[in-house]
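These notes are about the structure you will find just below.
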Amino acid sequence: MSIENLKTYDPFAEADEEDSGQTKQTQEYIHIRIQQRNGRKTLTTVQGIPKKFDAKKILKVVKKEFACNGTIIGDEDSKMGDVIQLQGDQRAKIKDFLTNKDEGLGLDAKTIKVHGF
Amino acid sequence: MDSEAPSIKRRPSRKSVTFTDEKLVVNPDGSVTMDASPADEIKETAQSHSAPTEPQDAAAAAAPAADDGLDLSLMKKKKKKVKKEDDADAAADEAAPAEGDGAIDLTMKKKKKKKVVKEDDEFAKKLEALNIEGKEGEEAAPQEDEQEGDMDQGTGIWAHDETKPISYNALLSRFFALLSQKNPDHASTGTRSYKIPPPQCLREGNKKTIFANLPEICKRMKRADEHVTSYLFAELGTSGSVDGSRRLVIKGRFQQKQIENVLRTYIIEYVTCKTCRSPNTELSKGENRLYFITCNSCGSRRSVQAIKTGFSAQVGKRKKMQG
Ligand SMILES: [Zn+2]
């Protein structure tokens, strides 16, 4: 049994999080989106992976792990860098991959935004 | 995606939004019921439930089931604490609510009790020991029986120097009673989540989804249709239009549940106040082209991000080129 009252709680934790999100702008976020194609086919796009990671290498690993095809799209207009595009709904899997410390990139889950339904 | 598509879980706080016309009521006894009645009535039911009479009702119901001997042994325990002069009064006090049948019953009990107290001291002690050893079934009934006394006057179980543990149900009903007494606002809104009507989704042909009651939902959230629409399109990675009867036509096949999930994130992002979690807020365009949410409940103001579509892959390009 634990005493709820005595848990250390930072009342400004949420506010700080919000602030950093505002000041760093959306560039810092990794957006995982889903798009519908024809029929019941979908596409998953991952946008804003930090520059220090090689998108090609990530794609190679991810394609094998998720057993899906994918491609890298250079998206020059929005300055978002390379976008990894995967076939099918890989949102949960790619999120796990990005946050996994041992087998993935070990990124902070707070920087990842999953969009879509 | 079709029905098999699992929707991604993002934040636990999403659960605070419910898509229903009914009202969820958390009763003081811990049970949760759905109530189709309007909001005003709920407060009343909650109050009546939480009135201090409730545990006594439960006790009265349990009393016939309880073994006489056990019951009395417990009564005796109580008496030990009460001073001699108060003895009769206290016994009457405690017995009265439990035995709601009448005076005759009460006197019978009293007589019996006194007899047992004088004669069966050892017997009672044995029974107590049995109780402590944890005969679950037998223990349950007398424990409910103990929870008597007037909360406001601080008698019986609520007495200041009472050392018996108060049952969870009694404490819970006390909490709700005090809450509705001292803080009726929280009693009426705190336990219920934000409700909006469920989105009505129809399929148009094979490739389009009609979101029929978007205006209604927007009205409920006090947001512009266009704002919600652009958010929906950005999140679903699609586009669409509004038809003649203000229904939203979305390209692609979407299910009600999927739309619900998007609306839920919209509400968390653009409707609820982050300070007090009240959905009673207004979205307005402030200086610097920024959008601000102003809370009508607590007055806090925060900026929200503009809706961004982000990257969107070219879908069906090949088809267009062919056709
Ligand atoms: Zn507020």
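We label chains A, B, ... in the order they appear in the structure tokens, count residues from 1 in each chain, and number ligands from 1 in the order shown.
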
Each chain B residue no farther than 10 Å from ligand 1, nearest pair in Å, only C-alpha atoms and all ligand atoms, as JSON lines:
{"residue": "B:Thr272", "atom": "CA", "partner": "ligand 1", "partner_atom_place_in_ligand_line": "1 (Zn)", "distance": 7.8}
{"residue": "B:Cys273", "atom": "CA", "partner": "ligand 1", "partner_atom_place_in_ligand_line": "1 (Zn)", "distance": 4.6}
{"residue": "B:Lys274", "atom": "CA", "partner": "ligand 1", "partner_atom_place_in_ligand_line": "1 (Zn)", "distance": 6.6}
{"residue": "B:Thr275", "atom": "CA", "partner": "ligand 1", "partner_atom_place_in_ligand_line": "1 (Zn)", "distance": 5.0}
{"residue": "B:Cys276", "atom": "CA", "partner": "ligand 1", "partner_atom_place_in_ligand_line": "1 (Zn)", "distance": 4.1}
{"residue": "B:Arg277", "atom": "CA", "partner": "ligand 1", "partner_atom_place_in_ligand_line": "1 (Zn)", "distance": 5.9}
{"residue": "B:Ser278", "atom": "CA", "partner": "ligand 1", "partner_atom_place_in_ligand_line": "1 (Zn)", "distance": 5.4}
{"residue": "B:Pro279", "atom": "CA", "partner": "ligand 1", "partner_atom_place_in_ligand_line": "1 (Zn)", "distance": 7.9}
{"residue": "B:Asn280", "atom": "CA", "partner": "ligand 1", "partner_atom_place_in_ligand_line": "1 (Zn)", "distance": 7.7}
{"residue": "B:Thr281", "atom": "CA", "partner": "ligand 1", "partner_atom_place_in_ligand_line": "1 (Zn)", "distance": 7.5}
{"residue": "B:Ile293", "atom": "CA", "partner": "ligand 1", "partner_atom_place_in_ligand_line": "1 (Zn)", "distance": 9.5}
{"residue": "B:Thr294", "atom": "CA", "partner": "ligand 1", "partner_atom_place_in_ligand_line": "1 (Zn)", "distance": 7.7}
{"residue": "B:Cys295", "atom": "CA", "partner": "ligand 1", "partner_atom_place_in_ligand_line": "1 (Zn)", "distance": 4.6}
{"residue": "B:Asn296", "atom": "CA", "partner": "ligand 1", "partner_atom_place_in_ligand_line": "1 (Zn)", "distance": 6.6}
{"residue": "B:Ser297", "atom": "CA", "partner": "ligand 1", "partner_atom_place_in_ligand_line": "1 (Zn)", "distance": 5.1}
{"residue": "B:Cys298", "atom": "CA", "partner": "ligand 1", "partner_atom_place_in_ligand_line": "1 (Zn)", "distance": 4.1}
{"residue": "B:Gly299", "atom": "CA", "partner": "ligand 1", "partner_atom_place_in_ligand_line": "1 (Zn)", "distance": 5.9}
{"residue": "B:Ser300", "atom": "CA", "partner": "ligand 1", "partner_atom_place_in_ligand_line": "1 (Zn)", "distance": 5.5}
{"residue": "B:Arg301", "atom": "CA", "partner": "ligand 1", "partner_atom_place_in_ligand_line": "1 (Zn)", "distance": 8.0}
{"residue": "B:Arg302", "atom": "CA", "partner": "ligand 1", "partner_atom_place_in_ligand_line": "1 (Zn)", "distance": 9.9}

Requested in this report: Within 6 Å of chain B, which residues of chain A are there when counting only C-alpha atoms? Please give them as a list in words.
Outcome: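 Every residue meeting the condition is included here: Gln35, Arg40, His115, Gly116 and Phe117 of chain A.
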
For the residues in the current selection, export N, CA, C and O atoms as a PDB file, in the first residue's frame.
ATOM      1  N   GLN A  35      -2.773   7.848 -43.637  1.00  0.00           N
ATOM      2  CA  GLN A  35      -3.582   8.303 -44.765  1.00  0.00           C
ATOM      3  C   GLN A  35      -4.263   7.100 -45.380  1.00  0.00           C
ATOM      4  O   GLN A  35      -3.678   6.017 -45.462  1.00  0.00           O
ATOM      5  N   ARG A  40      -9.094  -0.697 -48.427  1.00  0.00           N
ATOM      6  CA  ARG A  40      -8.715  -0.661 -47.031  1.00  0.00           C
ATOM      7  C   ARG A  40      -7.203  -0.539 -46.852  1.00  0.00           C
ATOM      8  O   ARG A  40      -6.640  -0.947 -45.858  1.00  0.00           O
ATOM      9  N   HIS A 115      -0.965  11.055 -35.084  1.00  0.00           N
ATOM     10  CA  HIS A 115      -2.189  11.653 -35.592  1.00  0.00           C
ATOM     11  C   HIS A 115      -3.130  10.575 -36.118  1.00  0.00           C
ATOM     12  O   HIS A 115      -2.768   9.410 -36.213  1.00  0.00           O
ATOM     13  N   GLY A 116      -4.265  11.030 -36.499  1.00  0.00           N
ATOM     14  CA  GLY A 116      -5.227  10.117 -37.113  1.00  0.00           C
ATOM     15  C   GLY A 116      -6.166   9.494 -36.117  1.00  0.00           C
ATOM     16  O   GLY A 116      -6.126   9.822 -34.933  1.00  0.00           O
ATOM     17  N   PHE A 117      -6.989   8.627 -36.586  1.00  0.00           N
ATOM     18  CA  PHE A 117      -8.053   8.058 -35.759  1.00  0.00           C
ATOM     19  C   PHE A 117      -7.520   7.045 -34.764  1.00  0.00           C
ATOM     20  O   PHE A 117      -6.458   6.484 -34.933  1.00  0.00           O
TER      21      PHE A 117
END

Query raised in the report: Out of B:Leu214, B:Leu290, B:Leu283, B:Ala170, which residue has the shortest atom-to-atom distance to B:Asp150 when counting only C-alpha atoms?
Result: B:Ala170

Query - Residue contacts of stretch 42-56 of chain A (7 Å, only C-alpha atoms) excluding same-chain residues fewer than 2 positions away, as an MDAnalysis selection string - result: (chainID A and resid 27 29:37 40 58:60 80:91) or (chainID B and resid 1)

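Put simply, atom CA of B:Lys182 is 13.2 Å away from atom CA of B:Asp152.
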
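Interatomic distance, atom CA of A:Asp108 to atom CA of B:Phe292: 27.5 Å.
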
Query raised in the report: Where does DSSP see alpha helix (DSSP H) in stretch 52-105 of chain A, if you list the residues as a list in words?
Result: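 DSSP on the backbone gives alpha helix (DSSP H) at Ala55, Lys56, Lys57, Ile58, Leu59, Lys60, Val61, Val62, Lys63, Lys64, Glu65, Phe66, Arg91, Ala92, Lys93, Ile94, Lys95, Asp96, Phe97, Leu98 and Thr99 of chain A.
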
File dump, residues just selected, C-alpha atoms, as a short mmCIF file (atom, residue, chain, number, x, y, z; two decimals), in the first residue's frame:
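part_26.cif was written with the following content:
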data_model
loop_
_atom_site.label_atom_id
_atom_site.label_comp_id
_atom_site.auth_asym_id
_atom_site.auth_seq_id
_atom_site.Cartn_x
_atom_site.Cartn_y
_atom_site.Cartn_z
CA ALA A 55 16.53 7.92 -42.62
CA LYS A 56 17.71 5.33 -45.09
CA LYS A 57 19.08 3.10 -42.38
CA ILE A 58 15.95 3.47 -40.32
CA LEU A 59 13.84 2.56 -43.29
CA LYS A 60 15.91 -0.50 -44.00
CA VAL A 61 15.55 -1.80 -40.46
CA VAL A 62 11.91 -0.90 -40.19
CA LYS A 63 10.94 -2.48 -43.48
CA LYS A 64 12.37 -5.77 -42.36
CA GLU A 65 10.93 -5.60 -38.89
CA PHE A 66 7.40 -4.59 -39.87
CA ARG A 91 1.76 3.83 -36.36
CA ALA A 92 1.92 1.79 -33.18
CA LYS A 93 4.89 -0.18 -34.37
CA ILE A 94 6.88 2.81 -35.53
CA LYS A 95 6.17 4.59 -32.29
CA ASP A 96 7.50 1.64 -30.37
CA PHE A 97 10.53 1.58 -32.61
CA LEU A 98 11.24 5.26 -32.10
CA THR A 99 10.94 5.08 -28.34
#
